[in-house]
Structures are given as C-alpha cells and as structure tokens.
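> My file is final_0.txt. It has compact mmCIF, C-alpha atoms:
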```txt
# COMPACT_ATOMS: atom_id res chain seq x y z
CA MET P 1 -36.33 -50.11 239.73
CA SER P 2 -33.23 -52.32 239.71
CA GLU P 3 -29.81 -50.70 239.63
CA LYS P 4 -28.39 -50.43 236.12
CA LYS P 5 -25.42 -52.64 235.35
CA SER P 6 -22.00 -51.12 234.85
CA ILE P 7 -20.57 -50.87 231.34
CA GLY P 8 -16.85 -51.53 231.15
CA ILE P 9 -14.11 -51.27 228.55
CA LYS P 10 -12.95 -54.84 227.95
CA ASN P 11 -10.23 -54.00 225.42
CA ILE P 12 -8.85 -51.23 223.20
CA GLY P 13 -7.34 -51.98 219.81
CA LEU P 14 -5.23 -49.63 217.72
CA TYR P 15 -3.97 -49.58 214.18
CA ILE P 16 -1.21 -47.07 213.41
CA PRO P 17 0.01 -46.98 209.78
CA GLU P 18 3.75 -47.30 209.24
CA GLY P 19 4.06 -44.32 206.88
CA LEU P 20 5.23 -41.04 208.36
CA HIS P 21 4.98 -37.31 207.78
CA THR P 22 7.79 -35.92 209.92
CA SER P 23 8.12 -32.38 211.19
CA LYS P 24 10.71 -31.87 208.46
CA HIS P 25 8.23 -32.99 205.78
CA ILE P 26 5.46 -30.72 207.10
CA ALA P 27 7.88 -27.79 207.29
CA ARG P 28 9.04 -28.36 203.72
CA GLU P 29 5.50 -28.65 202.34
CA SER P 30 4.04 -25.73 204.31
CA GLY P 31 6.95 -23.30 204.45
CA ILE P 32 6.63 -23.12 208.24
CA PRO P 33 9.96 -23.45 210.10
CA GLU P 34 10.49 -26.94 211.51
CA GLU P 35 11.10 -25.66 215.04
CA VAL P 36 7.63 -24.03 214.93
CA ILE P 37 6.08 -27.34 213.83
CA ILE P 38 7.76 -29.11 216.76
CA GLU P 39 7.44 -26.49 219.51
CA LYS P 40 4.19 -24.67 218.71
CA PHE P 41 2.24 -27.24 216.70
CA ALA P 42 3.54 -30.05 218.99
CA ILE P 43 4.29 -32.42 216.11
CA ASN P 44 7.45 -34.50 215.91
CA GLN P 45 5.80 -36.74 213.37
CA LYS P 46 2.41 -38.15 212.43
CA HIS P 47 1.45 -41.33 210.65
CA LYS P 48 0.24 -41.52 207.04
CA ALA P 49 -1.57 -44.47 205.52
CA ASP P 50 -0.52 -45.75 202.10
CA PRO P 51 -2.61 -44.60 199.13
CA ASP P 52 -4.08 -48.09 198.73
CA GLU P 53 -4.84 -48.44 202.46
CA HIS P 54 -8.39 -47.34 203.16
CA PRO P 55 -10.37 -46.32 206.28
CA SER P 56 -12.48 -49.51 206.36
CA GLU P 57 -9.34 -51.67 206.32
CA MET P 58 -7.75 -49.60 209.09
CA ALA P 59 -10.87 -49.89 211.26
CA LEU P 60 -10.97 -53.63 210.63
CA LYS P 61 -7.37 -54.10 211.83
CA ALA P 62 -8.01 -52.11 215.02
CA SER P 63 -11.25 -54.01 215.61
CA ARG P 64 -9.60 -57.40 215.27
CA GLN P 65 -7.05 -56.36 217.87
CA ALA P 66 -9.82 -55.21 220.23
CA LEU P 67 -11.64 -58.53 219.68
CA GLU P 68 -8.63 -60.69 220.50
CA ASN P 69 -9.88 -63.88 222.22
CA PHE P 70 -13.48 -62.70 221.75
CA SER P 71 -15.85 -64.09 219.11
CA PRO P 72 -17.38 -61.45 216.81
CA ARG P 73 -20.56 -63.55 216.84
CA LYS P 74 -21.07 -62.45 220.45
CA LEU P 75 -21.32 -58.80 219.40
CA ASP P 76 -24.76 -57.20 219.56
CA LEU P 77 -23.85 -53.87 217.98
CA VAL P 78 -21.07 -52.39 215.84
CA LEU P 79 -20.98 -48.59 216.07
CA PHE P 80 -18.64 -46.72 213.72
CA HIS P 81 -17.83 -43.17 214.81
CA GLY P 82 -14.91 -42.28 212.56
CA SER P 83 -14.27 -39.74 209.85
CA GLU P 84 -16.87 -39.02 207.20
CA TYR P 85 -14.00 -39.30 204.70
CA LYS P 86 -14.40 -43.01 204.00
CA ASP P 87 -13.70 -45.52 201.23
CA TYR P 88 -16.57 -44.07 199.20
CA TYR P 89 -18.87 -41.05 199.29
CA LEU P 90 -22.24 -41.80 200.98
CA TYR P 91 -21.01 -45.14 202.31
CA ASN P 92 -22.10 -47.29 205.27
CA GLN P 93 -18.77 -48.18 206.84
CA ALA P 94 -20.42 -49.63 209.96
CA ALA P 95 -22.17 -52.26 207.83
CA LYS P 96 -18.94 -53.05 205.99
CA LEU P 97 -17.14 -53.55 209.30
CA GLN P 98 -19.91 -55.77 210.70
CA HIS P 99 -19.73 -57.97 207.61
CA GLU P 100 -15.94 -58.25 207.44
CA LEU P 101 -15.70 -59.11 211.14
CA GLY P 102 -18.32 -61.84 210.80
CA ALA P 103 -20.45 -60.19 213.51
CA LYS P 104 -23.58 -61.84 212.12
CA ASN P 105 -25.66 -61.33 215.25
CA ALA P 106 -24.95 -57.60 215.53
CA TYR P 107 -26.64 -54.66 213.89
CA ALA P 108 -24.57 -51.66 212.85
CA PHE P 109 -24.89 -47.92 212.51
CA GLU P 110 -22.74 -44.78 212.42
CA LEU P 111 -22.42 -41.79 214.73
CA HIS P 112 -20.91 -38.57 213.41
CA SER P 113 -19.74 -35.69 215.54
CA LEU P 114 -16.37 -35.20 213.85
CA CYS P 115 -13.42 -35.24 216.27
CA SER P 116 -15.62 -35.25 219.38
CA SER P 117 -17.38 -38.47 218.42
CA GLY P 118 -15.04 -40.86 220.27
CA VAL P 119 -15.90 -39.81 223.80
CA LEU P 120 -19.49 -39.15 222.71
CA ALA P 121 -19.72 -42.72 221.37
CA LEU P 122 -18.79 -44.00 224.84
CA LYS P 123 -21.76 -42.12 226.29
CA THR P 124 -24.11 -43.25 223.52
CA ALA P 125 -23.16 -46.91 223.84
CA ARG P 126 -23.27 -46.82 227.66
CA ASP P 127 -26.76 -45.33 227.68
CA MET P 128 -28.02 -47.76 225.06
CA MET P 129 -26.56 -50.81 226.81
CA GLN P 130 -27.99 -49.85 230.18
CA ASN P 131 -31.47 -49.43 228.71
CA ASP P 132 -31.60 -52.30 226.20
CA PRO P 133 -31.57 -55.87 227.55
CA ASP P 134 -30.43 -57.14 224.15
CA LEU P 135 -27.15 -55.19 224.16
CA ASP P 136 -24.45 -56.99 226.14
CA ASN P 137 -21.38 -56.59 223.93
CA VAL P 138 -20.74 -53.55 221.75
CA LEU P 139 -17.83 -52.64 219.49
CA LEU P 140 -16.97 -48.99 218.88
CA ALA P 141 -14.67 -48.30 215.94
CA THR P 142 -13.10 -45.27 214.31
CA SER P 143 -10.64 -44.64 211.53
CA SER P 144 -9.37 -41.52 209.85
CA LYS P 145 -7.38 -40.81 206.73
CA GLU P 146 -8.14 -37.10 206.67
CA ALA P 147 -4.52 -36.21 206.02
CA ASP P 148 -5.49 -36.90 202.37
CA LEU P 149 -7.58 -33.73 202.50
CA LEU P 150 -4.82 -31.35 203.59
CA ASP P 151 -3.38 -28.64 201.39
CA TYR P 152 -0.15 -27.55 203.07
CA SER P 153 0.04 -24.52 200.79
CA ASN P 154 -3.25 -23.18 202.23
CA GLU P 155 -2.17 -21.10 205.23
CA ASP P 156 -5.79 -20.70 206.39
CA SER P 157 -5.98 -24.43 207.12
CA ARG P 158 -2.73 -24.61 209.12
CA PHE P 159 -4.55 -25.55 212.34
CA MET P 160 -5.36 -28.84 210.56
CA PHE P 161 -1.74 -29.60 209.61
CA ASN P 162 -1.59 -31.91 212.64
CA PHE P 163 -4.08 -34.37 211.10
CA GLY P 164 -2.68 -37.91 211.21
CA ASP P 165 -4.00 -41.29 210.10
CA ALA P 166 -4.96 -44.03 212.57
CA ALA P 167 -7.77 -46.33 213.72
CA ALA P 168 -9.03 -47.43 217.11
CA ALA P 169 -11.64 -49.85 218.40
CA VAL P 170 -13.14 -50.36 221.85
CA LEU P 171 -14.94 -53.48 223.07
CA LEU P 172 -17.58 -52.75 225.73
CA GLU P 173 -19.18 -55.35 228.00
CA LYS P 174 -22.29 -55.04 230.16
CA GLY P 175 -21.71 -56.02 233.78
CA LEU P 176 -17.92 -55.73 233.54
CA LYS P 177 -16.80 -54.36 236.88
CA LYS P 178 -13.60 -52.73 235.71
CA ASN P 179 -12.69 -49.86 233.34
CA THR P 180 -16.17 -48.54 234.05
CA ILE P 181 -17.65 -45.82 231.86
CA LEU P 182 -19.10 -43.08 234.04
CA ARG P 183 -20.85 -39.90 232.92
CA ASN P 184 -20.42 -37.51 230.01
CA HIS P 185 -21.00 -33.83 229.39
CA THR P 186 -21.14 -32.28 225.91
CA ILE P 187 -21.48 -28.73 224.59
CA THR P 188 -22.26 -27.75 220.99
CA ASP P 189 -22.00 -24.25 219.57
CA GLY P 190 -23.52 -24.45 216.10
CA SER P 191 -22.45 -20.93 215.17
CA PHE P 192 -19.22 -22.62 213.99
CA ALA P 193 -21.03 -25.12 211.73
CA ASP P 194 -20.09 -23.50 208.41
CA ASP P 195 -16.52 -22.56 209.32
CA VAL P 196 -14.73 -25.75 208.24
CA ALA P 197 -15.71 -28.07 205.41
CA VAL P 198 -14.79 -29.57 202.07
CA TYR P 199 -16.79 -26.92 200.24
CA GLU P 200 -16.51 -28.43 196.75
CA ILE P 201 -18.70 -31.46 197.59
CA GLY P 202 -22.39 -31.37 198.48
CA SER P 203 -25.71 -30.04 197.27
CA ARG P 204 -24.87 -26.36 197.84
CA TYR P 205 -21.86 -26.59 195.55
CA PHE P 206 -23.26 -28.98 192.94
CA ASN P 207 -26.50 -27.02 192.49
CA GLU P 208 -24.92 -23.60 192.10
CA PRO P 209 -25.28 -22.49 188.43
CA GLY P 210 -22.05 -22.41 186.46
CA GLN P 211 -20.01 -23.99 189.24
CA GLU P 212 -17.02 -25.90 187.92
CA LYS P 213 -17.03 -29.52 188.99
CA LEU P 214 -13.66 -30.38 190.51
CA GLU P 215 -11.89 -33.70 190.63
CA LEU P 216 -12.03 -35.17 194.14
CA ALA P 217 -8.24 -34.94 194.28
CA ASP P 218 -8.64 -31.15 194.20
CA CYS P 219 -11.14 -31.06 197.07
CA ASN P 220 -9.56 -30.24 200.41
CA LEU P 221 -10.62 -29.24 203.89
CA ASP P 222 -10.78 -25.48 204.09
CA VAL P 223 -11.81 -22.63 206.38
CA ALA P 224 -14.31 -20.02 205.23
CA ASP P 225 -12.84 -17.14 207.27
CA ILE P 226 -9.90 -18.10 209.46
CA ASP P 227 -9.64 -14.74 211.26
CA SER P 228 -13.32 -14.74 212.21
CA MET P 229 -13.20 -18.37 213.33
CA ARG P 230 -10.06 -17.87 215.39
CA GLU P 231 -11.44 -14.80 217.14
CA ARG P 232 -14.75 -16.47 218.00
CA LEU P 233 -13.17 -19.79 218.97
CA ASN P 234 -10.52 -18.25 221.21
CA ALA P 235 -13.28 -16.52 223.17
CA VAL P 236 -15.06 -19.75 224.13
CA THR P 237 -12.95 -22.88 223.64
CA GLU P 238 -10.95 -22.94 226.89
CA ASP P 239 -14.08 -22.27 228.94
CA ASN P 240 -15.94 -25.03 227.09
CA PHE P 241 -13.11 -27.54 227.57
CA ARG P 242 -13.16 -26.80 231.29
CA ALA P 243 -16.96 -26.97 231.44
CA VAL P 244 -17.22 -30.42 229.86
CA ILE P 245 -14.39 -31.78 232.00
CA GLU P 246 -15.78 -30.39 235.25
CA LYS P 247 -19.42 -31.22 234.59
CA SER P 248 -18.63 -34.79 233.52
CA LEU P 249 -16.74 -35.17 236.81
CA GLN P 250 -19.61 -33.65 238.78
CA LYS P 251 -22.16 -35.96 237.14
CA SER P 252 -19.89 -38.92 237.95
CA GLY P 253 -19.64 -37.94 241.61
CA TYR P 254 -16.10 -36.60 241.56
CA SER P 255 -14.24 -33.29 241.60
CA THR P 256 -11.23 -31.98 239.68
CA SER P 257 -8.90 -33.00 242.51
CA ASP P 258 -9.81 -36.64 241.80
CA ILE P 259 -8.39 -36.65 238.25
CA ASP P 260 -5.50 -39.09 237.86
CA PHE P 261 -5.12 -38.99 234.08
CA ILE P 262 -6.56 -36.87 231.30
CA ALA P 263 -6.75 -38.28 227.75
CA LEU P 264 -6.87 -35.24 225.49
CA ILE P 265 -7.12 -34.69 221.79
CA HIS P 266 -3.93 -33.47 220.17
CA MET P 267 -3.56 -29.73 220.69
CA LYS P 268 -0.85 -27.09 220.49
CA LYS P 269 1.59 -27.17 223.39
CA SER P 270 0.69 -23.82 224.95
CA PHE P 271 -2.99 -24.74 225.19
CA LEU P 272 -2.21 -28.22 226.47
CA ASP P 273 0.06 -26.89 229.21
CA SER P 274 -2.53 -24.30 230.24
CA LEU P 275 -5.33 -26.85 230.44
CA LEU P 276 -3.28 -29.39 232.42
CA SER P 277 -2.02 -26.76 234.87
CA THR P 278 -5.62 -25.71 235.57
CA TYR P 279 -6.05 -29.04 237.36
CA ASP P 280 -2.53 -29.22 238.84
CA LEU P 281 -1.60 -31.86 236.28
CA GLY P 282 1.50 -32.18 234.14
CA GLU P 283 2.61 -34.16 231.11
CA GLU P 284 3.15 -37.18 233.37
CA ASP P 285 -0.64 -37.20 233.93
CA SER P 286 -1.46 -37.38 230.23
CA PHE P 287 -0.16 -38.89 227.01
CA ILE P 288 1.18 -36.31 224.58
CA LEU P 289 0.33 -37.16 220.98
CA ASN P 290 3.26 -35.37 219.36
CA ASP P 291 4.35 -38.58 217.59
CA TYR P 292 0.82 -39.27 216.30
CA GLY P 293 -0.79 -35.91 215.57
CA HIS P 294 -4.55 -35.49 215.66
CA CYS P 295 -6.21 -38.75 214.61
CA GLN P 296 -9.80 -37.53 214.65
CA SER P 297 -11.95 -39.38 217.22
CA ALA P 298 -9.20 -41.94 217.98
CA ASP P 299 -7.10 -39.51 220.05
CA ALA P 300 -8.53 -40.27 223.50
CA PHE P 301 -8.30 -44.03 222.91
CA ILE P 302 -4.68 -43.80 221.72
CA ALA P 303 -3.84 -41.70 224.79
CA THR P 304 -5.56 -44.15 227.14
CA LYS P 305 -4.01 -47.28 225.62
CA LYS P 306 -0.53 -45.74 225.64
CA GLY P 307 -1.07 -44.37 229.13
CA VAL P 308 -1.76 -47.89 230.41
CA GLU P 309 1.23 -49.35 228.53
CA GLN P 310 3.56 -46.70 229.97
CA GLY P 311 2.30 -47.15 233.53
CA LYS P 312 0.78 -43.68 233.69
CA ILE P 313 -2.66 -45.21 234.31
CA GLU P 314 -2.91 -47.57 237.26
CA GLU P 315 -5.57 -49.69 238.90
CA GLY P 316 -8.41 -47.52 240.21
CA ASP P 317 -7.34 -44.32 238.45
CA LEU P 318 -9.96 -41.81 237.36
CA ILE P 319 -9.56 -40.90 233.70
CA VAL P 320 -11.22 -38.04 231.85
CA MET P 321 -11.35 -38.58 228.08
CA VAL P 322 -11.77 -35.31 226.19
CA GLY P 323 -12.63 -34.57 222.56
CA ALA P 324 -13.55 -31.57 220.45
CA GLY P 325 -14.64 -31.29 216.86
CA THR P 326 -15.38 -28.56 214.37
CA GLY P 327 -18.98 -27.62 214.18
CA TYR P 328 -18.23 -27.03 217.14
CA THR P 329 -18.63 -29.68 219.84
CA TRP P 330 -16.68 -30.26 223.06
CA SER P 331 -17.20 -33.51 224.98
CA ALA P 332 -15.75 -35.33 228.02
CA THR P 333 -16.43 -38.78 229.45
CA CYS P 334 -15.12 -40.10 232.77
CA VAL P 335 -13.83 -43.66 233.15
CA ARG P 336 -12.79 -45.43 236.35
CA TRP P 337 -9.89 -47.60 235.20
CA GLY P 338 -9.37 -51.04 236.67
CA SER P 339 -11.46 -52.04 239.66
CA PRO P 340 -12.88 -49.37 242.00
CA ARG P 341 -10.64 -48.45 244.90
```
Kindly present the structure from the file in structure tokens form.


Amino acid sequence: MSEKKSIGIKNIGLYIPEGLHTSKHIARESGIPEEVIIEKFAINQKHKADPDEHPSEMALKASRQALENFSPRKLDLVLFHGSEYKDYYLYNQAAKLQHELGAKNAYAFELHSLCSSGVLALKTARDMMQNDPDLDNVLLATSSKEADLLDYSNEDSRFMFNFGDAAAAVLLEKGLKKNTILRNHTITDGSFADDVAVYEIGSRYFNEPGQEKLELADCNLDVADIDSMRERLNAVTEDNFRAVIEKSLQKSGYSTSDIDFIALIHMKKSFLDSLLSTYDLGEEDSFILNDYGHCQSADAFIATKKGVEQGKIEEGDLIVMVGAGTGYTWSATCVRWGSPR
C-alpha cells in the first residue's frame, strides 16, 4: 500500500464584524460587575454582527479571504461546520456557500458538533482526502451569530455570555508539505446532551399540547439545570481536555514536551491558566481570545491565524488545536506548522 499523501493548510481566512459588545456593555446588561467580566470571564470585548448581516454572508467573506489567489472552481468539496443558528431554520448553508463562491465542481455538506466542530472538521476532511482520489482541494468554513440568542438577564446562561460573532475558513490541499494536519482525538459524553438548547424550537416543544408558540425573537439558548450541569461538568472537563490533547499528540508521534503552541477555545482565565501550566506553557504559547470572546468553532482558527501574525507560531512548530462543545464533546487536532524540522 502506498503512503498516504499529507494534507496541509494552504490558507486561513477570517471575518470579524466591526460591531462590539464591550465588557462595560455586558456588565450593564447582565448586572455582573465589569471587573468580573474582564478578570473572571476573560472578556475585554467581543464582536457583534449587524442585524442585517447574516451567517452565510460572514462565512462567504472569510472563505473569499481563504481563497485569495485560488480559483473556487478548483475546489472539490465545501464543508460547512458552523453554528446551527443560520440564515433560516432547516437550511443548507454549505450549498449556499458553494453556489455563492462559484465552486461549481465541488459538492457540499455540513458537519455539526457545536463548538468542537472546527478541529473535528480538520480530522474529517483529512481522512476523506487521504482516502478519496477525487478530493484534492477542500474548503472548511464556519460562521456564528449566536450572540443573537443570549439573554443577559438569565443568570443560568452566564457561561455563554462570552459568545461572540465571527467567521473563519480554511483551505486544505492534498500533497502540501507544510502546515500538515496530523492526528485527532475526540471524546463525547452524551449525558450532557439535554443540558443546553433553545428549548422553544423543535418537535418536543411544538407537539406538546397547549404549548404557547413563541416568536423566534423570544427564543434563547438556555440551560435546563445549571447547578447539575456545573457539578457534572466540573468533575470531567479538565480530565477530558487533557485526554484529547495528550492522545492526539500520542497518535501523531509526539509528547506533551513537544508542544510549541496551543490554540484553545475561549475559556475563563483560571481554567486557561491551569491548562497551560499543565504543559509548562504560558500565555506567550497561546493566543488569548479576550478581545473576541467565544466564536463557536472558529476559535482555534482565529488563535492560529493571530498566533502566526504575532510571531508566536514559527516554522516547524507543533500546534495543538483544541475545541469543546455542549453535548458534550472535547476534541484536539495536531498540526505541524510550516515545513517539518
């Protein structure tokens, strides 16, 4: 059997809306002191798309940046892995993106694993490209406008107050011998599946006798039982973050001492510091998203792009991209940036 070709990241595109929700705004809307928003929640500001700016448009702008100097007609696949909160309910955003880009030779589909789907999409695309001779160039795209779904007066949903709007796109190329995607490890604990949702939409709600039908503007992300979720999540989440990081490294042929940069989802400062210190890393070995917030599955790509721009990621560095999403899924994918040392 011939050796499988490497799959490399050719380019990363980002779209960050100009609108802002500052720490002062979040504090005013939630009643939480601003210093707590900054120090504990790790949010200086986050970006907010305009009301008439929609997820498909955001993904399109990020994709066009990723496809700079590359013809969309050369794409074989467009894979959308962004938020399920899209332009419309029950909507194929991957197909919309394929059409608007003019990627006439590509097929398109969507992958949903909430906020873990970015690093999981890297694994999915890598595996597909290495096993399908017809897949040479693949575009991954994500966008999120989930800040629309926040109710700052709902204290139970305060762990979601960091949600920010953004889009990212990643162009992958078969045979590219730089920015090579290595191996992934993922853990899912489905006991958390019912903990977080927009409970006023869906068959369970619509088919319950006598249930009042709400306007979509009144439907927000919520938590069924915040105390129960927090207790159960605190017992497993740090171990699961470590497990996916360490097992993705092991599968890739490396150890924790080889990590040069870790691209994490946005998380509260105390947890971030604890996780970085586990591997003798500091903030200089990551990109802190406190001016962006949590942008769903775009976080790791924002961190990586900014890490390169700021000189934190250099030729030959080993990156671990890490995501986690309610449901609950933890995922990590290793990438060897630049050319191998």

> Could you give me, as a tab-separated table, every region 99-134 of chain P residue with an atom at most 12 Å from region 62-65 of chain P, plus its closest atom pair and distance in Å to one decimal, counting only C-alpha atoms, rows ordered by chain then number?


```
residue	atom	partner	partner_atom	distance
P:Glu100	CA	P:Arg64	CA	10.1
P:Leu101	CA	P:Arg64	CA	7.6
P:Gly102	CA	P:Arg64	CA	10.8
P:Ala103	CA	P:Ser63	CA	11.3
```

> In file coordinates, which residues lie within 10 Å of (-16.6, -25.6, 228.5) using all atoms listed in the file, given as a list of chain:residue names?

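Using all atoms listed in the file, the matching residues come out as P:His185, P:Thr186, P:Ile187, P:Thr188, P:Val236, P:Thr237, P:Glu238, P:Asp239, P:Asn240, P:Phe241, P:Arg242, P:Ala243, P:Val244, P:Ile245, P:Glu246, P:Lys247, P:Thr329, P:Trp330, P:Ser331, P:Ala332.
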
> Which residues are near Ala303 (chain P)? Cut-off 8 Å, only C-alpha atoms, ignore same chain within fewer than 6 positions. Put them as a list in words.

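Once the nearby chain positions are removed, what remains is Ala263, Leu264, Ser286, Phe287, Ile288 and Leu289 of chain P.
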
> I need the chosen residues saved as a short mmCIF file (atom, residue, chain, number, x, y, z; two decimals), in the frame of the given file, with C-alpha atoms.


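result_37.cif, written as the output of this step:
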```cif
data_model
loop_
_atom_site.label_atom_id
_atom_site.label_comp_id
_atom_site.auth_asym_id
_atom_site.auth_seq_id
_atom_site.Cartn_x
_atom_site.Cartn_y
_atom_site.Cartn_z
CA ALA P 263 -6.75 -38.28 227.75
CA LEU P 264 -6.87 -35.24 225.49
CA SER P 286 -1.46 -37.38 230.23
CA PHE P 287 -0.16 -38.89 227.01
CA ILE P 288 1.18 -36.31 224.58
CA LEU P 289 0.33 -37.16 220.98
#
```

> Counting only C-alpha atoms, note down every residue that has an atom within 7 Å of the point (-15.2, -40.1, 209.4) (file coordinates), as a PyMOL selection string.

chain P and resi 81-86+114+143-144

> Identify, on the basis of all atoms listed in the file, every residue whose closest approach to Gly175 (chain P) does not exceed 12 Å; exclude the query and any residue fewer than 6 positions from it along the same chain; express the result as a VMD selection string.

chain P and resid 3 to 10 126 129 to 130 133 135 to 137 181

> Rounded to one decimal, what separation in Å do you get between CA of Asp260 (chain P) and CA of Leu318 (chain P)?

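CA of Asp260 (chain P) sits 5.2 Å away from CA of Leu318 (chain P).
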
> Residues within 10 Å of Glu110 (chain P), please, as a list in words. Count all atoms listed in the file; anything in the same chain fewer than 4 positions from it doesn't count.

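What passes the distance filter is Val78, Leu79, Phe80, His81, Gly82, Glu84, Asn92, Gln93, Ala94, Ala95, Ala121, Leu140, Ala141 and Thr142 of chain P.
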
> From the options P:Asp148, P:Ala59, P:His266, P:Thr326, which residue's atoms come nearest to Phe192 (chain P), counting all atoms listed in the file?

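Of P:Asp148, P:Ala59, P:His266, P:Thr326, the one nearest Phe192 (chain P) is P:Thr326, counting all atoms listed in the file.
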
> Choose the residue, out of P:Lys104, P:Ala125, P:Leu90, P:Glu53, that has the smallest atom-to-atom separation from Pro72 (chain P); count all atoms listed in the file.

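Closest candidate: P:Lys104.
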
> Just checking: using all atoms listed in the file, which residue out of P:Ile43, P:Leu97, P:Leu276, P:Val308 ends up closest to Asn179 (chain P)?

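Distance minimum relative to Asn179 (chain P) lands on P:Val308.
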
> P:Glu35, P:Lys178, P:Met58, P:Ile262: which is nearest Glu283 (chain P), counting only C-alpha atoms?

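Among the listed residues, P:Ile262 lies closest to Glu283 (chain P).
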